[in-house]
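A quick write-up on the structure given underneath.
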Amino acid sequence: MLRRMERSAIHLLHKRGKSQREIAAELGRSRTAVARALSERVDRQPAGRRRASRVDPFREQIAEWLKRGLSGVRMMELAREEPEHPYQGCASVWRAAVRRERLVLEHEQAVADVPIRFEGLPGEYLQVDWGEIRHFPFTQQQPVTRYFLACRLKYSRWTWVMFTSEMRQETLFRGLVACFNALGFVPWVLVFDNMKTVTTGRDDQAQPIWHRSLLQLAAEFDFHPEACWPASGNQKGSVESLVKFVKMNFLAGRSFIDDADLRAQCFEWQDSDNTMRPSQATDVTPATRLVEEVAKGYPLPSTATDYGFAEPGHVSSGALVAVLGNSYSVPIEHVGAPVTVRVHRQRIVIWRDAELLAEHARAPDGAHRRIVSPAHFAPLFGRKPRGQVMLYREALLGLGGVAHQYLSELSRRQRARLGTEVLAVYALYERCGAAELLAAMELAQAQGAFGAAYLGALVSAPVPEPPPPAAWLVLPDEVPSQREIDRELSAYEAYVWALEVQHDADHEPELALNGQVR
């Protein structure tokens, strides 16, 4: 076997023009060995000889056990219990084989996990993620869990953070709409983690199964949703580090009185971070690059200021639609029909295709309340007059305040005329409105007067008209000067005295007849 220096000498002599026979004679090697050395590299490593090991039959099994998380001791126990060919070698050889297989698997995983970094285009990517702070240390409020929705534009690194007390789907959607309004445009693509409020899992082709409400939101705001691969948090990019950034740079070292103080400090912090602090990735502030993103983003739809996210619904046999733990009425002719429910912040709007069926004030979620509009059941009032009375009374009870106490006492005292009284009170409600009727109920209850006639007298009292505005005094053109007005009082007295003397002279005969002498 030729050493490396002998190979180098053979190549050197060959370059000097010596033949293979001469080189072989000079080095004491065969001509065949010289020819083989010239055909190979000088630094060729000799092929090592490896003896068969008793661990070799178990190498594939060791790799499988490592993926399952078994320890080296347990793997050797299983190998020794193998019925057909048990392992009979020593423990050190087994541990060395396990170590080699573990290094191979770790290298393969490291190669597979190498991230591919890329930059987005202006207006292209908005990355979205949730953060959680347990036992939030408020100074004047009990420690509770708080969550924050973190959004970051990939191109400009503009950030937006919103703290909440829960992570419901509606909270996520309203947070996204608030982020769009803060941006002034809609990004092209929204990148999510595999959160349950966004996807329900993956199909056979490993594609995300999106929630219907999210697809409706994406269609109305014209963005494309994307989801990271499961267990691949690095695909979320800078938004993953944004969650850590919020915890380390905003929350650390600060104290908060309550939720209002938390929101105020968060707004000030992110405004400063977006407008004053240059990004390490771009060397400029996010606000500088945001101008380019605004120019490329999609415009906001008209529903952005008061968005109602869509939920499928069905009209029950009682002409009610179940929405978020409450029931809302629709006209009875739509019983059994599928509907679309728009959930706004303060109201519930129910549609059937393009037809508006009903709009109600939104009740607290999960309150198990029935919100009924009596007009939806009007076709039944001719055959069910008692049902009309009960619906009207239920609507009046829903006014709150003193209405419940007054109507309860009215129902007790006017039991024989309950239908007539309730219909009359409801007519007053339709005529004068809730505020005036509640004020009349409060006055009537204070006087112990329970009846529609008393309420009618109170709400029908004439309202005093405001006094007409004072008319401006119109002065003639020839007005004395201020100097003449301010002259001495003695001048006025002389003038008045002269008039009286003249008057007496003119009427002296008349005064003599009457026996009056001045």
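All residue names refer to the structure tokens as shown: chains lettered A, B, ... in order, residues numbered from 1 in each chain, ligands numbered from 1 in order.
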Check your understanding: Just asking: which residues within stretch 226-391 of chain A are alpha helix (DSSP H) according to DSSP, as a VMD selection string?
Key -> chain A and resid 238 to 245 259 to 275 286 to 296 385 to 391
Neighbouring residues of A:His334 were defined as those with any atom within 8 Å, considering only C-alpha atoms; residues of the same chain fewer than 4 positions away were excluded. Please report them as a ChimeraX atom specification.
/A:315,319,330
Prev. selection, C-alpha atoms, output as an mmCIF file, in the first residue's frame:
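Here's the written file out_4.cif:
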data_model
loop_
_atom_site.group_PDB
_atom_site.id
_atom_site.type_symbol
_atom_site.label_atom_id
_atom_site.label_comp_id
_atom_site.auth_asym_id
_atom_site.auth_seq_id
_atom_site.Cartn_x
_atom_site.Cartn_y
_atom_site.Cartn_z
ATOM 1 C CA VAL A 315 -85.565 29.748 11.716
ATOM 2 C CA ALA A 319 -90.043 31.927 14.281
ATOM 3 C CA VAL A 330 -88.211 36.979 12.480
#
Taking 2 positions as the minimum chain separation for residues in the same chain, which residues sit within 12 Å of A:Phe377 when counting only C-alpha atoms? Answer as a PyMOL selection string. chain A and resi 318-320+329-335+372-375+379-385+387-392
- Message: Env of A:Gln346: 12 Å cut, atoms = only C-alpha atoms, seq-sep filter 3 positions within chain, self excluded. Answer as a list in words.
- Response: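 So the residues in contact are Asp306, Tyr307, Gly308, Arg342, Val343, Val349, Glu359, His360, Ala361, Arg362, Ala363, Pro364 and Asp365 of chain A.
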Checklist line | Contacts of A:Gly184 within 9 Å, only C-alpha atoms, excl. fewer than 4 positions in-chain, as a list of chain:residue names | finding: A:Cys179, A:Phe180, A:Val294, A:Gly297, A:Pro299, A:Leu300
Computed gap from atom CA of A:Val341 to atom CA of A:Leu396 is 25.2 Å
(message) Nearest residue to A:Trp130 out of A:Ala52, A:Ala444, A:Leu103, A:Leu149, using only C-alpha atoms?
(response)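 Looking at the shortest contact to A:Trp130, the residue is A:Leu149.
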Can you list every residue of stretch 279-348 of chain A that has an atom at most 8 Å from stretch 203-225 of chain A, with its nearest atom pair and the distance in Å to one decimal, using only C-alpha atoms, ordered by chain then number, as a Markdown table?
| residue | atom | partner | partner_atom | distance |
| --- | --- | --- | --- | --- |
| A:Tyr298 | CA | A:Asp222 | CA | 7.4 |
| A:Leu300 | CA | A:Phe221 | CA | 6.9 |
| A:Pro301 | CA | A:Phe221 | CA | 6.3 |
| A:Phe309 | CA | A:Ser213 | CA | 6.7 |
| A:Ala310 | CA | A:Ser213 | CA | 5.8 |
| A:Glu311 | CA | A:Ser213 | CA | 6.4 |
### Minimum-distance residue to A:Ile348, chosen among A:Ala322, A:Arg3, A:Ala434, A:Leu153 (using only C-alpha atoms)
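Smallest separation from A:Ile348 among the options: A:Ala322.
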Enter the distance from atom CA of A:Thr275 to atom CA of A:Leu126, in Å, rounded to one decimal.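 Separating atom CA of A:Thr275 from atom CA of A:Leu126 is a distance of 18.3 Å.
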